[in-house]
file upload.pdb (PDB, C-alpha atoms)
ATOM      1  CA  MET A   1      10.183  -9.220 -10.786
ATOM      2  CA  THR A   2       6.567  -8.375 -11.515
ATOM      3  CA  LEU A   3       4.122  -9.898  -9.079
ATOM      4  CA  HIS A   4       0.981  -8.341 -10.544
ATOM      5  CA  SER A   5       1.499  -8.829 -14.292
ATOM      6  CA  ASP A   6      -2.195  -8.375 -15.170
ATOM      7  CA  LEU A   7      -2.221  -5.039 -13.338
ATOM      8  CA  VAL A   8       1.000  -3.863 -14.968
ATOM      9  CA  ALA A   9      -0.619  -4.595 -18.331
ATOM     10  CA  GLY A  10      -2.922  -1.621 -17.760
ATOM     11  CA  ARG A  11      -5.833  -2.685 -15.613
ATOM     12  CA  TRP A  12      -4.449  -0.920 -12.525
ATOM     13  CA  HIS A  13      -4.673   2.474 -14.208
ATOM     14  CA  THR A  14      -8.371   2.001 -14.869
ATOM     15  CA  MET A  15      -9.105   1.638 -11.154
ATOM     16  CA  SER A  16     -10.008   4.556  -8.914
ATOM     17  CA  LEU A  17      -7.468   5.916  -6.442
ATOM     18  CA  MET A  18      -9.622   4.548  -3.620
ATOM     19  CA  ASP A  19      -9.508   1.052  -5.145
ATOM     20  CA  GLN A  20      -5.776   1.296  -5.754
ATOM     21  CA  LEU A  21      -4.950   2.378  -2.208
ATOM     22  CA  GLY A  22      -7.451  -0.029  -0.704
ATOM     23  CA  ASN A  23      -5.719  -2.898  -2.507
ATOM     24  CA  ALA A  24      -2.260  -1.652  -1.548
ATOM     25  CA  GLY A  25      -3.472  -1.348   2.035
ATOM     26  CA  SER A  26      -4.571  -4.985   2.001
ATOM     27  CA  GLU A  27      -0.943  -5.915   1.466
ATOM     28  CA  VAL A  28       0.076  -3.714   4.398
ATOM     29  CA  SER A  29      -2.469  -5.538   6.564
ATOM     30  CA  ARG A  30      -1.093  -8.888   5.418
ATOM     31  CA  ALA A  31       2.452  -7.770   6.230
ATOM     32  CA  LEU A  32       1.362  -6.577   9.678
ATOM     33  CA  ARG A  33      -0.369  -9.892  10.426
ATOM     34  CA  ALA A  34       2.670 -11.833   9.225
ATOM     35  CA  ARG A  35       4.943  -9.760  11.466
ATOM     36  CA  GLU A  36       2.627 -10.331  14.423
ATOM     37  CA  ASN A  37       2.753 -14.071  13.742
ATOM     38  CA  GLY A  38       6.530 -14.065  13.327
ATOM     39  CA  ASN A  39       6.418 -15.072   9.661
ATOM     40  CA  ALA A  40       9.219 -13.002   8.099
ATOM     41  CA  SER A  41       8.854 -14.602   4.675
ATOM     42  CA  ARG A  42       5.167 -13.716   4.368
ATOM     43  CA  GLU A  43       5.843 -10.247   5.744
ATOM     44  CA  ARG A  44       8.519  -9.642   3.111
ATOM     45  CA  SER A  45       6.293 -10.987   0.311
ATOM     46  CA  ALA A  46       3.381  -8.767   1.315
ATOM     47  CA  LEU A  47       5.685  -5.766   1.571
ATOM     48  CA  HIS A  48       7.018  -6.449  -1.947
ATOM     49  CA  ARG A  49       3.461  -6.666  -3.282
ATOM     50  CA  PHE A  50       2.606  -3.389  -1.517
ATOM     51  CA  LEU A  51       5.627  -1.672  -3.056
ATOM     52  CA  GLU A  52       4.728  -2.863  -6.523
ATOM     53  CA  LEU A  53       1.142  -1.639  -6.160
ATOM     54  CA  MET A  54       2.250   1.720  -4.773
ATOM     55  CA  ASP A  55       4.761   2.128  -7.598
ATOM     56  CA  LEU A  56       1.980   1.443 -10.107
ATOM     57  CA  THR A  57      -0.217   4.006  -8.351
ATOM     58  CA  ILE A  58       2.518   6.631  -8.263
ATOM     59  CA  ALA A  59       3.128   6.054 -11.997
ATOM     60  CA  ASP A  60      -0.569   6.597 -12.822
ATOM     61  CA  ALA A  61      -0.649   9.742 -14.979
ATOM     62  CA  ARG A  62      -4.129  10.649 -13.670
ATOM     63  CA  LEU A  63      -2.675  11.155 -10.183
ATOM     64  CA  ARG A  64       0.080  13.647 -10.943
ATOM     65  CA  GLY A  65      -1.140  16.111  -8.326
ATOM     66  CA  ARG A  66      -1.308  13.415  -5.628
ATOM     67  CA  ARG A  67       2.196  12.005  -6.007
ATOM     68  CA  ARG A  68       3.628  13.752  -2.947
ATOM     69  CA  GLU A  69       1.068  12.103  -0.650
ATOM     70  CA  LEU A  70       1.462   8.752  -2.397
ATOM     71  CA  CYS A  71       5.241   8.849  -2.082
ATOM     72  CA  ARG A  72       4.956   9.833   1.575
ATOM     73  CA  ALA A  73       2.590   6.921   2.279
ATOM     74  CA  ARG A  74       5.081   4.573   0.598
ATOM     75  CA  GLU A  75       7.912   6.097   2.627
ATOM     76  CA  VAL A  76       6.049   5.742   5.931
ATOM     77  CA  VAL A  77       5.285   2.062   5.302
ATOM     78  CA  CYS A  78       8.902   1.366   4.316
ATOM     79  CA  ASP A  79      10.107   3.258   7.376
ATOM     80  CA  TYR A  80       7.926   1.084   9.601
ATOM     81  CA  PHE A  81       8.909  -2.273   8.092
ATOM     82  CA  VAL A  82      12.567  -1.791   7.163
ATOM     83  CA  GLY A  83      13.626   1.581   8.554
ATOM     84  CA  ASP A  84      14.014   3.074  11.995
ATOM     85  CA  ASN A  85      10.306   3.986  12.270
ATOM     86  CA  ALA A  86      11.182   7.686  12.422
ATOM     87  CA  TYR A  87       7.504   8.496  11.786
ATOM     88  CA  ARG A  88       6.546   6.491  14.885
ATOM     89  CA  SER A  89       3.950   4.499  12.976
ATOM     90  CA  THR A  90       2.004   1.764  14.669
ATOM     91  CA  PRO A  91       0.206  -1.196  13.134
ATOM     92  CA  GLU A  92      -3.047   0.534  14.080
ATOM     93  CA  SER A  93      -2.112   3.819  12.417
ATOM     94  CA  LEU A  94      -1.087   2.079   9.184
ATOM     95  CA  ASP A  95      -4.262  -0.018   9.113
ATOM     96  CA  ARG A  96      -6.402   3.028   9.875
ATOM     97  CA  TYR A  97      -4.865   5.061   7.032
ATOM     98  CA  PHE A  98      -5.402   2.424   4.355
ATOM     99  CA  LEU A  99      -8.720   1.127   5.683
ATOM    100  CA  ALA A 100     -10.282   4.513   4.973
ATOM    101  CA  PHE A 101      -9.528   4.028   1.261
ATOM    102  CA  ALA A 102     -10.915   0.497   1.219
ATOM    103  CA  LYS A 103     -14.142   1.709   2.839
ATOM    104  CA  ALA A 104     -14.427   4.616   0.396
ATOM    105  CA  ALA A 105     -13.915   2.254  -2.541
ATOM    106  CA  ARG A 106     -16.616  -0.052  -1.225
ATOM    107  CA  ARG A 107     -19.040   2.874  -0.843
ATOM    108  CA  GLY A 108     -18.324   3.936  -4.419
ATOM    109  CA  ARG A 109     -19.508   0.639  -5.889
TER     110      ARG A 109
END
call {"tool": "encode", "arguments": {"input": "upload.pdb", "output": "structure tokens"}}
result
Amino acid sequence: MTLHSDLVAGRWHTMSLMDQLGNAGSEVSRALRARENGNASRERSALHRFLELMDLTIADARLRGRRRELCRAREVVCDYFVGDNAYRSTPESLDRYFLAFAKAARRGR
């Protein structure tokens, strides 16, 4: 199921890495807020949107040299939400990681 059909159509790959990760990070923030509020359905939906955006980012041919970091970021988020949290992530550490990209994207405009 494609949640972001306009982005899959090519627009995502015209965005900067900072914009891509800032947008993906927004979904992480939404999932964290939903978890805090006990809303499992919203948490799951936000996580699915995050995964789709990260998969689009990882598939971006311009980012071939960055794929290891991108895959690790995806892995850490999945580990936090559906795994055993082996990386010992916290809501604050996840927000902090992605917020840096959102701020960088905003500065670049």
call {"tool": "residues_around", "arguments": {"input": "upload.pdb", "residues": "A:Leu94", "least_positions_apart": "2", "cutoff": "12 Å", "atoms": "only C-alpha atoms", "output": "ChimeraX atom specification"}}
result
/A:22,24-32,73-81,85,87-92,96-101
call {"tool": "closest_residue", "arguments": {"input": "upload.pdb", "among": "A:Ala61, A:Gly83, A:Met54, A:Cys71", "to": "A:Asp19", "atoms": "only C-alpha atoms"}}
result
A:Met54
call {"tool": "closest_residue", "arguments": {"input": "upload.pdb", "among": "A:Asn23, A:Asp95, A:Arg107, A:Met18", "to": "A:Glu52", "atoms": "all atoms listed in the file"}}
result
A:Asn23
call {"tool": "atom_distance", "arguments": {"input": "upload.pdb", "atom1": "atom CA of A:Leu21", "atom2": "atom CA of A:Ala102"}}
result
7.1 Å
call {"tool": "atom_distance", "arguments": {"input": "upload.pdb", "atom1": "atom CA of A:Arg11", "atom2": "atom CA of A:Arg49"}}
result
15.9 Å
call {"tool": "closest_residue", "arguments": {"input": "upload.pdb", "among": "A:Leu17, A:Leu63, A:Val82, A:Leu70", "to": "A:His48", "atoms": "all atoms listed in the file"}}
result
A:Val82
call {"tool": "axis_aligned_box", "arguments": {"input": "upload.pdb", "around": "stretch 40-57 of chain A", "padding_each_side": "5 Å", "output": "AutoDock Vina command-line options"}}
result
--center_x 4.5 --center_y -5.3 --center_z -1.0 --size_x 19.4 --size_y 28.6 --size_z 28.2
call {"tool": "atom_distance", "arguments": {"input": "upload.pdb", "atom1": "atom CA of A:Ala105", "atom2": "atom CA of A:Gln20"}}
result
8.8 Å
